[in-house]
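**Student:** Sharing a structure below in C-alpha cells format, with a few things to ask.
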There are 2 protein chains.
Amino acid sequence: MKKTLVLLTCIVGTIMLIRTQKSKAEDGYRLWLRYDQIENDSLLNEYRQLVKCITINGESPTMIVAREEIVGGLSGLFGNSVSENEEVKEGTLLIGTPENSLTISSLLADKTLEDIGNEGFLVFSAEVNKQKMTVITGNTDIGVLYGVYHFLKLIQTHQSITELNISGTPKIQHRLLNHWDNLDRKVERGYAGFSLWKWNTLPDYIDPRYKDYARANASVGINGTVITNVNANAQVLTPEYLEKVAALADVFRPYGIRVYLTARFSAPMEIGGLQTADPLQENVIDWWNNKTKEIYSYIPDFGGFLVKANSEGQPGPQNYGRSHAEGANLMARAVKPYNGIVMWRAFVYSNEEPEDRAKQAYNEFKPLDGKFEDNVLIQVKNGPIDFQPREPFHPLFGAMEQTPTMMEFQVTQEYLGQDIHLTYLAPLYEECLHSDTYAKGAGSEVFKVINGSLFDYSETGMAGVSNIGDDRNWCGHPIAQANWYALGQLAWDPEAASEEIAKGWIRMTYSNNQEVIDTMLKIMMISREAGVNYRTPLGLHHQMAWHHHYGPGPWIKDKPRADWTSAYYNKADETGIGFDRTKTGSNAISQYFSPLDEIFGNIETCPEELLLWFHHVPWDFKMKSGNTLWEELCLKYYKGVDQVREMQDTWNTLKGKIDEERFQHVQSLLKIQLEDAIEWRNACLLYYQTFSKMPIPEKYEQPDKSLEHYMKVDRKYLPGS
Amino acid sequence: MKKTLVLLTCIVGTIMLIRTQKSKAEDGYRLWLRYDQIENDSLLNEYRQLVKCITINGESPTMIVAREEIVGGLSGLFGNSVSENEEVKEGTLLIGTPENSLTISSLLADKTLEDIGNEGFLVFSAEVNKQKMTVITGNTDIGVLYGVYHFLKLIQTHQSITELNISGTPKIQHRLLNHWDNLDRKVERGYAGFSLWKWNTLPDYIDPRYKDYARANASVGINGTVITNVNANAQVLTPEYLEKVAALADVFRPYGIRVYLTARFSAPMEIGGLQTADPLQENVIDWWNNKTKEIYSYIPDFGGFLVKANSEGQPGPQNYGRSHAEGANLMARAVKPYNGIVMWRAFVYSNEEPEDRAKQAYNEFKPLDGKFEDNVLIQVKNGPIDFQPREPFHPLFGAMEQTPTMMEFQVTQEYLGQDIHLTYLAPLYEECLHSDTYAKGAGSEVFKVINGSLFDYSETGMAGVSNIGDDRNWCGHPIAQANWYALGQLAWDPEAASEEIAKGWIRMTYSNNQEVIDTMLKIMMISREAGVNYRTPLGLHHQMAWHHHYGPGPWIKDKPRADWTSAYYNKADETGIGFDRTKTGSNAISQYFSPLDEIFGNIETCPEELLLWFHHVPWDFKMKSGNTLWEELCLKYYKGVDQVREMQDTWNTLKGKIDEERFQHVQSLLKIQLEDAIEWRNACLLYYQTFSKMPIPEKYEQPDKSLEHYMKVDRKYLPGS
C-alpha cells in the first residue's frame, strides 16, 4: 500500500514536473502557484541540500492533496523529481500530524500545538539522530496543508529555510469568497467571464478547474465559498441543484473549503409551495428545518447560509412585519444542529426612507444587537454606502457588542475600473481594518472587531465578493489576481500589511528579481489612491453613470430612486459641494463613537480625504495646503491622471524583464485606463464647475471636450451589469 | 536582414518547440494544430531525413506567419529545432512563390500554376542538382500558407512525404464562419462561453487568442469571418466599433481571412439619423455608400455584408414595400467598387402568412432570380425549416439559375445537443451536399450548385454558423471542434467525404493509433443518426421545447406563433402523424424538380427517413420493414438510445489510450447525453401514443416516468438561448 503510494507520488511528481516547466504560456492561469524552476543556481543548490526527500504521513483526502502539492511544487521549483522515502534521514522534509507520525510527536515534546488551533501549522527545522530535517505539522490535516503552502511560498519567494521556526494560525474563523454567480452562469458585477460553476454539466462532469480553484483558495487560507448570488434564486435549494452543489463540495472538501449557499427568504413559497415565508409561522420554520436537513444529507459539512433580505427588492422578514433578527434566527436555528452559520447582510436601505442612506443599516441593526442566535454573523460592507473607492469605515463596526459583525470587502472592482483598470485593493482593505472605531476607547481598530478580540465574539468572519470568472486568467485584469490573493491573506491575518502582501504576490506570480518587485510594487501601491483621485477625491462618492458603474456621471439626478443618483451624494450647488452629515445635516456622525463624531463633524478636523463625505463645503474653503476647495479638487483630479501616466511609464520599464504576454496585456489596459481617467477628471470637474464658476487653474492641461460631450458618452454592452 | 530573420526564426522555433511539447495540459486549446513530437521513431527518422532544413522566401505578413507555422510545427513534430538555410541542399523544404524564388520558378518549368488559382498550392518532391527536396508553392503567399498547412497535416497524420505531387485548390470562393455574436459578448445559440471578441478592450488590447483563431481557420481553408450576429446591431457600423473591427481584421489578414459584418437594414435610421431606410430613397443610398466608404477606410479588404432582413423581427426592404432584391442591391452597389459582396439570407418566413413555413423562402426568392446585382449571394440554410437534425435539402438549391445560392450550415448544435451531446455534423452536411436536385436532370447535386459548376455562378460560397466561444477548448464539447474543422474542409472541397475528414481530424487532434482512430470514427459516424433517432426520426422535425431548443416538447401548441410550435409540424392526431406536404396538403413537393416531387409526393416512394416530413401517415401504415408506422417509430426511438449506449461503451474502450482529461470530459458528457436521449424518446413516444393508442412493444424497456412528468420538466438557465 505504502509502495503504491510512493510510486503514485513519483508519477504525480513527474507529471507535475512536466506541468510546471517554464514552457507554460504566460496566460495567468497558474496564478501564484507557478512552481517554475528556481533560476538562482546557488539558492537552488542550497534548497536541494536542505530538502532531499519527503516523508509524508496520512492518507486522508487532505493529505493526498498535500502530498500532490508538495511533491509537485518542489519538483517544479527544484527542476528534479523529489521523491518520498519512509525513513527519516538528512534532508528530509517531514510532513504530518503528531497522530500519524511518531517522529513528529517526539519532536513536539518541547513545542505545543495548543495555540495554533484547528487550522494552524508549525514549520520548523529539527534534528533527529543528528540528521537535519524540516518539519511541517499541525493539529489537523488541513493545518498541515496550510503549512505545506506556507513552506512552498518560502521557497517560491526565495526565503531562507535553514533555521525555520514558524507558526501560523488564522486570526479569523470564516474566511470566505462570495460569488455573485447566477444559475445561468452570468456573474453580477463579474467582469472576468461566466461563472466557474458549469451547472449544466454538474454533477456528471467535474471541470478540472474546480480543483485549481480550490488549490488557489487553500493556498491563501480561504476556507469557505458562497457559490451563489446574494440576489438569490431559490432553485439552488432544490434536489436537482443540491446534487450539483454536493459535487462541487466534494472537490473543495480536501482543501478545507466548505460550501455555503445564499438563501432566498421567500424560498418556502417559491419552491416549497407555502403561502407565506413569515419566519414565525410553524410551517415556514418546519420547511427551513426540513430543507436544511436535506441539504446536509447532500453536503455533510455544508457551511450555512448567506442572506440578503429586505434590500434592493429582495424579500425578507420585514415583508411580514418581522425583524431582521427574527428572520436570521429562523435559519440560524435550522443550521445550528449541524454547526452551520448564518451570515446576514447589513446592506439594507430603502429609498422610501427619507433618512440618509449612509445611516440606515446602523439604524436597523444597532437596536437588534444581542437579539441574534449565536451562530449568526452580521455581514457588513467596509463602508456605509457601497464599495466606493474611499469610504469611512462602517459605523456598525464597533457598535455591535453582542452580535458578531463580519467584514464584507469587494474584490471585484465594481467601482474601481472593473476588468480594465489596474487597482490593487489591499490598501483600501488595510485602511478600513486599521481605522479606529474608539468603541472601547483609542485602539479599538476595526480589525479587532473583526478578529473577535474587542468583544470576544464567538464567531468571526471576513468575506470578499469574488472577482473570479472563467476567463483564462481568472480575474480579467492580470493584476486583479492580487486582490483575490490579498483578500485571503487579510482574512488569515487582518493585521497583515498590504505592501508585504503585494511583495509576496509579485514574487510568486511574476519574479523574484528585485527590480521587478520594486517596479510592480510602486505601481500597485499607488493604484488605489490614483483611482480615488481621478474619480471621487476628498470624500466624494457615488458619482458614476446611471446604466453602469464604470464611467463618470456626476450629473445623474431626477431618477425614480434619488439614492441611486449622483446628485443625492454630491449635493453640488453654488454654495459648495459635499454631503452634510454633521449635526446640521443628516447627523450620520452621531453613529460614530467619540471622539470620531467630533473629529468627523468638525470641518477643521475632519480628515481631508473624507471632507466631502461629511461636509457641504464652500468652494472657496481654505484647505490645509492653502488651496481653495475648488483648487484642491482640481489638484486631486489632475494628480489622479498624472498617477496613471506614472503607472504607465513605470510599467513600461518592465519590458523584457517579465514575460511579453502579460507585459503587453497590462500595457494595453493602462492605455485605456488613462483615457478613462481623463474622462473621469474632465467630466467631473466640468460638471462641478457649473456650480463653482471657477476656472480650472491655467497650469493644468484644459479639458479638450465639453461637458455636453461627456454627458453624451453612452457606454454600452459593458459586462457584469 | 536575412540573418536577423534566420535568428528570429530560430528563436521562434525554439519557443514553439517548447510550446508544443507533450507537457501541455490536454484542455483542447490547441485544436488540431498540436505539433507534438512524433512517437514512431522510424517514421520520425524518415521525416528528419527528408526535411533537414527550410528555405523560405518572401517577407510579407503572410509569409512571416507561414514561416512561424512551418518552423514551429516541424520543430515540434520532429522534437528538434529545424533551422533555415539560404542555399538549397539535400533535404531542403523549399517554400515560396515563383516570383520570389528562382529555384521554384525553374522547377515549375514543367508544371503549371494556372489551374490552382489565387488560393491553391502545390506540394511536390523535386531534385535540384541531384539534391532531393520538397517544394511548397502557389501563385500567392496565401496559397503557399495553405500548402504549409497541408504539408504539416501530411506529417501530423503520418503520411508518406517521399514522392509528393499534390495540388490543392478550393472549390468554393467564399468559405466563411458566421458568428452570431452580440456586442455584449453573448452569443446567440452559442454554447461555448462568451464571444471571442473582447469589444471593451479592443482596439488597444489584442488577445493572443485572436491569432490562434485565425491560425485554426487558415489551417482548414476558411477565408472569411462574419464577426457579428445576423440579428444585427447597427452600432458595429459606428466609427467607435469600426476601429475595433479593423484591429481584428489586422490580426486576421496575414492568414488570408477577410472580415465581414452583418448590416442592420435600419442602420441609416438608428445611427444615421435618417427618417427612413427605404432602399430606393436617395439619402438612404447615399448613406450606405458613405458608410461603406468609411468602412473601407478602416478595413481596406473588408469582405462585405451579411444581411438577415424581414425575418423574425429584423427590419428589411419589405417594410417599405420593396423586394429583397431591391434591398440587397442597395448594399451590393455600395460595396461593389471595393470588390465586396453581399450575402442575403433566404431564411425568411412569417407567421402572418398562412403558407407552410417550409415553402415561404422559395416563394419569396424564386421569382427574384436574376434580379440581383452580380455581387449578391443568396445564403440558404441546408433545409427549408431550420437546422433540424434531418431535413430534405432546401428547394432553393437548383432553383436559382442566375443568382448564386450559397450554403449556410449550422456548426453550433442548436438542435443537436448544444455543448452536451456528441454529434459529428459532417454526415449531415454531406447528405445535403450530395442530394440530387435534378435541376438539370440526374446528377445535379447540391454541391454542384454550391461550387458554381451547375449554373456557372460568378460567386460561390459556404458559411457555417460558428460554434466557437471563449471556452478554453473553443467549442464546449471536445468533439465539437470536429464540426468546425469539417465545415472548413467541406467549404474547401464540398465533395470531401465526412469519414475521411473525421479520420484526419482524429489523427491530428487525438492520435495516429489505429485503434483510437477506428474507435473514435465509429462513435462520430453514428452520432448524428443517433441524434435523429432519439429526437425526430422518420422525417419528424421541430419537436423541441418552447423556451429552449435542447430538450423535447412535442406537445407544444397554442402559442402566439403557430409556426414556432411542435404541433404545427407533427400534426399528430388519431389518424396518424406527419405534415402533408403533397398535393393534398401544402404541396411543398412542387418546389422540387421532377422526379423528386413525385418521389417525395408518393408515400410509397418517399424515403422513409423523410416520410413524416412530406406525409401525414396512418399509425398502422406498413413500413418497408413490415412494421407499422407506430412500431417503426418505436424502433427508431429505441435504436437512438441504444446507439448512445453503444457510443458510451465504445468510448470507454479508449480509457488509457488517449489523455485522461479529454477522455473523462467526453465520458461525463455521454452520461448526460444518455439521460437526455431517454427523455427525448420517452417524452415523444408517450405523447404520440396519446394519439396512436398503441402500446410500446413489450420487448422494449418501458418508460419509467409518465408523460405528465416529462411535460413538467422545466429546463432553466440554459446557455445560448
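Chain identifiers are assigned as A, B, and so on, following the order in which chains appear in the C-alpha cells; residues are numbered from 1 within each chain, and ligands are numbered from 1 in order of appearance.
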Residues of chain B within 10 Å of chain A: nearest atom pair and distance (Å, one decimal) for each, counting only C-alpha atoms, sorted by chain and number, as JSON lines?
**Tutor:**
{"residue": "B:Ile15", "atom": "CA", "partner": "A:Ser23", "partner_atom": "CA", "distance": 8.1}
{"residue": "B:Met16", "atom": "CA", "partner": "A:Ser23", "partner_atom": "CA", "distance": 9.3}
{"residue": "B:Leu17", "atom": "CA", "partner": "A:Ser23", "partner_atom": "CA", "distance": 9.1}
{"residue": "B:Ile18", "atom": "CA", "partner": "A:Ser23", "partner_atom": "CA", "distance": 5.4}
{"residue": "B:Arg19", "atom": "CA", "partner": "A:Ser23", "partner_atom": "CA", "distance": 5.8}
{"residue": "B:Thr20", "atom": "CA", "partner": "A:Ser23", "partner_atom": "CA", "distance": 8.7}
{"residue": "B:Gln21", "atom": "CA", "partner": "A:Ser23", "partner_atom": "CA", "distance": 8.3}
{"residue": "B:Lys22", "atom": "CA", "partner": "A:Ile18", "partner_atom": "CA", "distance": 8.7}
{"residue": "B:Ser23", "atom": "CA", "partner": "A:Ile18", "partner_atom": "CA", "distance": 5.5}
{"residue": "B:Lys24", "atom": "CA", "partner": "A:Arg19", "partner_atom": "CA", "distance": 7.0}
{"residue": "B:Ala25", "atom": "CA", "partner": "A:Arg19", "partner_atom": "CA", "distance": 7.4}
{"residue": "B:Asp27", "atom": "CA", "partner": "A:Pro208", "partner_atom": "CA", "distance": 9.3}
{"residue": "B:Asn182", "atom": "CA", "partner": "A:Tyr717", "partner_atom": "CA", "distance": 8.9}
{"residue": "B:Leu183", "atom": "CA", "partner": "A:Tyr717", "partner_atom": "CA", "distance": 6.1}
{"residue": "B:Asp184", "atom": "CA", "partner": "A:Tyr717", "partner_atom": "CA", "distance": 4.3}
{"residue": "B:Arg185", "atom": "CA", "partner": "A:Tyr717", "partner_atom": "CA", "distance": 7.8}
{"residue": "B:Lys186", "atom": "CA", "partner": "A:Tyr717", "partner_atom": "CA", "distance": 9.7}
{"residue": "B:Gly193", "atom": "CA", "partner": "A:Phe194", "partner_atom": "CA", "distance": 7.1}
{"residue": "B:Phe194", "atom": "CA", "partner": "A:Gly193", "partner_atom": "CA", "distance": 7.1}
{"residue": "B:Ser195", "atom": "CA", "partner": "A:Gly193", "partner_atom": "CA", "distance": 9.9}
{"residue": "B:Trp199", "atom": "CA", "partner": "A:Tyr717", "partner_atom": "CA", "distance": 8.6}
{"residue": "B:Asn200", "atom": "CA", "partner": "A:Leu718", "partner_atom": "CA", "distance": 7.2}
{"residue": "B:Thr201", "atom": "CA", "partner": "A:Leu669", "partner_atom": "CA", "distance": 7.2}
{"residue": "B:Leu202", "atom": "CA", "partner": "A:Ser668", "partner_atom": "CA", "distance": 9.3}
{"residue": "B:Pro203", "atom": "CA", "partner": "A:Ser668", "partner_atom": "CA", "distance": 9.1}
{"residue": "B:Asp204", "atom": "CA", "partner": "A:Ser668", "partner_atom": "CA", "distance": 5.4}
{"residue": "B:Tyr205", "atom": "CA", "partner": "A:Ser668", "partner_atom": "CA", "distance": 5.0}
{"residue": "B:Ile206", "atom": "CA", "partner": "A:His665", "partner_atom": "CA", "distance": 7.9}
{"residue": "B:Asp207", "atom": "CA", "partner": "A:His665", "partner_atom": "CA", "distance": 7.8}
{"residue": "B:Pro208", "atom": "CA", "partner": "A:Glu661", "partner_atom": "CA", "distance": 8.1}
{"residue": "B:Gln235", "atom": "CA", "partner": "A:Lys716", "partner_atom": "CA", "distance": 9.6}
{"residue": "B:Asp419", "atom": "CA", "partner": "A:Thr201", "partner_atom": "CA", "distance": 9.4}
{"residue": "B:Ile420", "atom": "CA", "partner": "A:Thr201", "partner_atom": "CA", "distance": 7.6}
{"residue": "B:Asp470", "atom": "CA", "partner": "A:Asp471", "partner_atom": "CA", "distance": 8.0}
{"residue": "B:Asp471", "atom": "CA", "partner": "A:Asp470", "partner_atom": "CA", "distance": 8.0}
{"residue": "B:Arg472", "atom": "CA", "partner": "A:Arg472", "partner_atom": "CA", "distance": 7.3}
{"residue": "B:Glu661", "atom": "CA", "partner": "A:Pro208", "partner_atom": "CA", "distance": 8.1}
{"residue": "B:Gln664", "atom": "CA", "partner": "A:Tyr205", "partner_atom": "CA", "distance": 7.9}
{"residue": "B:His665", "atom": "CA", "partner": "A:Tyr205", "partner_atom": "CA", "distance": 6.4}
{"residue": "B:Val666", "atom": "CA", "partner": "A:Tyr205", "partner_atom": "CA", "distance": 8.7}
{"residue": "B:Gln667", "atom": "CA", "partner": "A:Tyr205", "partner_atom": "CA", "distance": 8.4}
{"residue": "B:Ser668", "atom": "CA", "partner": "A:Tyr205", "partner_atom": "CA", "distance": 5.0}
{"residue": "B:Leu669", "atom": "CA", "partner": "A:Tyr205", "partner_atom": "CA", "distance": 6.6}
{"residue": "B:Leu670", "atom": "CA", "partner": "A:Asp204", "partner_atom": "CA", "distance": 9.4}
{"residue": "B:Lys671", "atom": "CA", "partner": "A:Asp204", "partner_atom": "CA", "distance": 7.2}
{"residue": "B:Ile672", "atom": "CA", "partner": "A:Asp204", "partner_atom": "CA", "distance": 7.1}
{"residue": "B:Arg715", "atom": "CA", "partner": "A:Asn200", "partner_atom": "CA", "distance": 9.6}
{"residue": "B:Lys716", "atom": "CA", "partner": "A:Asp184", "partner_atom": "CA", "distance": 7.8}
{"residue": "B:Tyr717", "atom": "CA", "partner": "A:Asp184", "partner_atom": "CA", "distance": 4.3}
{"residue": "B:Leu718", "atom": "CA", "partner": "A:Asp184", "partner_atom": "CA", "distance": 6.5}
{"residue": "B:Pro719", "atom": "CA", "partner": "A:Asp184", "partner_atom": "CA", "distance": 6.8}
{"residue": "B:Gly720", "atom": "CA", "partner": "A:Asp184", "partner_atom": "CA", "distance": 9.9}
**Student:** Show which residues sit within 10 Å of segment 242-255 of chain A, as an MDAnalysis selection string. Count only C-alpha atoms, and ignore same-chain residues fewer than 5 positions away.
**Tutor:** chainID A and resid 60:66 141:142 145:146 197:208 210:219 221:225 227 235:237 260:261 294:302
**Student:** Save the residues we just selected, N, CA and C atoms, as a short mmCIF file (atom, residue, chain, number, x, y, z; two decimals), in the first residue's frame?
**Tutor:**
data_model
loop_
_atom_site.label_atom_id
_atom_site.label_comp_id
_atom_site.auth_asym_id
_atom_site.auth_seq_id
_atom_site.Cartn_x
_atom_site.Cartn_y
_atom_site.Cartn_z
N SER A 60 -5.52 10.67 4.31
CA SER A 60 -6.83 11.30 4.15
C SER A 60 -6.84 12.06 2.83
N PRO A 61 -8.02 12.39 2.34
CA PRO A 61 -8.08 13.19 1.11
C PRO A 61 -7.24 14.47 1.21
N THR A 62 -7.24 15.09 2.37
CA THR A 62 -6.46 16.32 2.52
C THR A 62 -4.97 16.02 2.44
N MET A 63 -4.53 14.90 3.04
CA MET A 63 -3.11 14.58 2.97
C MET A 63 -2.72 14.17 1.55
N ILE A 64 -3.65 13.59 0.83
CA ILE A 64 -3.35 13.24 -0.57
C ILE A 64 -3.10 14.51 -1.39
N VAL A 65 -3.93 15.52 -1.16
CA VAL A 65 -3.69 16.74 -1.94
C VAL A 65 -2.45 17.48 -1.42
N ALA A 66 -2.19 17.37 -0.11
CA ALA A 66 -0.96 17.99 0.43
C ALA A 66 0.27 17.35 -0.22
N ASP A 141 -5.08 17.73 9.53
CA ASP A 141 -4.55 17.61 8.18
C ASP A 141 -4.63 18.94 7.43
N ILE A 142 -5.71 19.68 7.66
CA ILE A 142 -5.82 20.94 6.93
C ILE A 142 -4.77 21.93 7.42
N LEU A 145 -1.80 21.06 5.55
CA LEU A 145 -1.87 21.56 4.17
C LEU A 145 -1.51 23.05 4.11
N TYR A 146 -2.05 23.82 5.04
CA TYR A 146 -1.68 25.25 5.08
C TYR A 146 -0.17 25.40 5.28
N TRP A 197 -18.91 27.86 -12.25
CA TRP A 197 -19.75 26.67 -11.99
C TRP A 197 -20.57 26.34 -13.23
N LYS A 198 -20.26 25.22 -13.83
CA LYS A 198 -20.97 24.80 -15.03
C LYS A 198 -22.16 23.94 -14.63
N TRP A 199 -23.21 24.61 -14.25
CA TRP A 199 -24.38 23.91 -13.69
C TRP A 199 -24.93 22.86 -14.65
N ASN A 200 -24.90 23.17 -15.93
CA ASN A 200 -25.47 22.25 -16.93
C ASN A 200 -24.83 20.89 -16.92
N THR A 201 -23.55 20.85 -16.66
CA THR A 201 -22.86 19.56 -16.75
C THR A 201 -22.53 18.98 -15.38
N LEU A 202 -22.83 19.72 -14.32
CA LEU A 202 -22.72 19.14 -12.99
C LEU A 202 -23.93 18.26 -12.73
N PRO A 203 -23.87 17.22 -11.94
CA PRO A 203 -22.68 16.73 -11.23
C PRO A 203 -21.82 15.78 -12.06
N ASP A 204 -22.23 15.52 -13.31
CA ASP A 204 -21.53 14.47 -14.05
C ASP A 204 -20.12 14.86 -14.45
N TYR A 205 -19.99 16.09 -14.94
CA TYR A 205 -18.68 16.50 -15.41
C TYR A 205 -18.01 17.39 -14.36
N ILE A 206 -16.85 16.97 -13.93
CA ILE A 206 -16.08 17.75 -12.96
C ILE A 206 -14.96 18.46 -13.71
N ASP A 207 -15.20 19.70 -14.00
CA ASP A 207 -14.19 20.51 -14.70
C ASP A 207 -12.91 20.54 -13.85
N PRO A 208 -11.76 20.20 -14.44
CA PRO A 208 -10.51 20.23 -13.66
C PRO A 208 -10.27 21.59 -13.00
N TYR A 210 -12.27 23.28 -11.20
CA TYR A 210 -12.82 23.35 -9.84
C TYR A 210 -11.70 23.07 -8.83
N LYS A 211 -10.88 22.11 -9.16
CA LYS A 211 -9.79 21.75 -8.25
C LYS A 211 -8.74 22.86 -8.18
N ASP A 212 -8.44 23.45 -9.31
CA ASP A 212 -7.45 24.54 -9.30
C ASP A 212 -7.97 25.74 -8.53
N TYR A 213 -9.27 25.94 -8.60
CA TYR A 213 -9.89 26.99 -7.79
C TYR A 213 -9.69 26.71 -6.30
N ALA A 214 -9.92 25.47 -5.91
CA ALA A 214 -9.77 25.09 -4.51
C ALA A 214 -8.31 25.21 -4.08
N ARG A 215 -7.40 24.78 -4.93
CA ARG A 215 -5.97 24.89 -4.60
C ARG A 215 -5.59 26.35 -4.34
N ALA A 216 -6.03 27.22 -5.24
CA ALA A 216 -5.68 28.63 -5.10
C ALA A 216 -6.22 29.18 -3.78
N ASN A 217 -7.46 28.86 -3.47
CA ASN A 217 -8.04 29.36 -2.23
C ASN A 217 -7.31 28.82 -1.01
N ALA A 218 -7.09 27.51 -0.99
CA ALA A 218 -6.42 26.92 0.16
C ALA A 218 -5.04 27.54 0.34
N SER A 219 -4.39 27.83 -0.76
CA SER A 219 -3.02 28.35 -0.66
C SER A 219 -2.97 29.72 0.00
N GLY A 221 -5.43 30.51 2.30
CA GLY A 221 -6.13 30.37 3.57
C GLY A 221 -7.63 30.55 3.53
N ILE A 222 -8.22 30.68 2.37
CA ILE A 222 -9.68 30.81 2.29
C ILE A 222 -10.30 29.44 2.58
N ASN A 223 -11.29 29.42 3.48
CA ASN A 223 -11.86 28.14 3.90
C ASN A 223 -13.36 28.02 3.68
N GLY A 224 -13.91 28.92 2.88
CA GLY A 224 -15.33 28.80 2.58
C GLY A 224 -15.67 29.56 1.32
N THR A 225 -16.71 29.10 0.65
CA THR A 225 -17.12 29.80 -0.56
C THR A 225 -18.64 29.77 -0.69
N ILE A 227 -21.33 30.06 -3.15
CA ILE A 227 -21.19 29.91 -4.60
C ILE A 227 -22.32 30.56 -5.40
N GLN A 235 -34.04 28.21 -6.62
CA GLN A 235 -33.84 26.93 -7.33
C GLN A 235 -32.63 26.17 -6.83
N VAL A 236 -31.63 26.88 -6.35
CA VAL A 236 -30.41 26.19 -5.96
C VAL A 236 -30.65 25.30 -4.74
N LEU A 237 -31.78 25.52 -4.06
CA LEU A 237 -32.10 24.70 -2.90
C LEU A 237 -32.92 23.45 -3.27
N TYR A 260 -21.13 27.18 1.01
CA TYR A 260 -22.28 27.89 1.56
C TYR A 260 -23.20 28.27 0.40
N LEU A 261 -24.46 28.50 0.73
CA LEU A 261 -25.39 28.96 -0.30
C LEU A 261 -26.10 30.22 0.16
N GLU A 294 -32.20 18.27 4.55
CA GLU A 294 -31.97 17.75 3.21
C GLU A 294 -30.61 18.21 2.66
N ILE A 295 -30.32 19.48 2.85
CA ILE A 295 -29.04 20.00 2.36
C ILE A 295 -27.88 19.22 3.00
N TYR A 296 -27.98 19.02 4.30
CA TYR A 296 -26.88 18.30 4.98
C TYR A 296 -26.80 16.83 4.57
N SER A 297 -27.91 16.30 4.08
CA SER A 297 -27.83 14.92 3.58
C SER A 297 -27.01 14.86 2.30
N TYR A 298 -26.97 15.95 1.57
CA TYR A 298 -26.13 16.02 0.38
C TYR A 298 -24.71 16.45 0.72
N ILE A 299 -24.62 17.40 1.66
CA ILE A 299 -23.32 18.03 1.95
C ILE A 299 -23.13 18.04 3.46
N PRO A 300 -22.50 17.00 4.00
CA PRO A 300 -22.44 16.84 5.46
C PRO A 300 -21.73 17.99 6.16
N ASP A 301 -20.83 18.67 5.46
CA ASP A 301 -20.12 19.79 6.09
C ASP A 301 -20.54 21.12 5.50
N PHE A 302 -21.79 21.17 5.04
CA PHE A 302 -22.33 22.43 4.50
C PHE A 302 -22.08 23.56 5.49
#
**Student:** So that I can see what lies close to Glu431 of chain B, please list as a list of chain:residue names the residues with an atom at most 10 Å from it, counting only C-alpha atoms and leaving out residues fewer than 6 positions away in the same chain.
**Tutor:**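 Listing them by chain and then by number gives B:Asn382, B:Arg390, B:Glu391, B:Pro392, B:Phe393, B:Val446, B:Ser498.
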**Student:** Among segment 332-458 of chain A, which residues carry a DSSP assignment of strand (DSSP E or B), reported as a PyMOL selection string?
**Tutor:** chain A and resi 341-345+376-381+405-410+436+439+441+445
**Student:** Point out the residue among A:Ser692, A:His174, A:Glu679, A:Asp456 with the least atom-to-atom distance to Phe621 of chain A, counting only C-alpha atoms.
**Tutor:**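 When distances to Phe621 of chain A are compared using only C-alpha atoms, the smallest one comes from A:Ser692.
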**Student:** I need the residues of segment 139-334 of chain A that end up classed as helix (DSSP H, G or I) by DSSP on the backbone, written out as a count of residues only.
**Tutor:** 85
**Student:** Got a sec: who's within 12 Å of Gln481 of chain A, counting only C-alpha atoms, leaving out chain neighbours fewer than 2 positions off, as JSON, numbers by chain?
**Tutor:** {"A": [28, 29, 30, 31, 32, 33, 192, 216, 217, 220, 411, 412, 413, 419, 422, 423, 424, 425, 426, 466, 467, 468, 469, 471, 472, 473, 474, 475, 476, 477, 478, 479, 483, 484, 485, 486, 487, 488, 502, 505, 506, 508, 509, 510, 524]}
**Student:** As a list in words, please: the residues near Ile341 of chain A (cut-off 6 Å, only C-alpha atoms, same-chain neighbours under 5 positions excluded).
**Tutor:** Gly304, Asn375 and Val376 of chain A
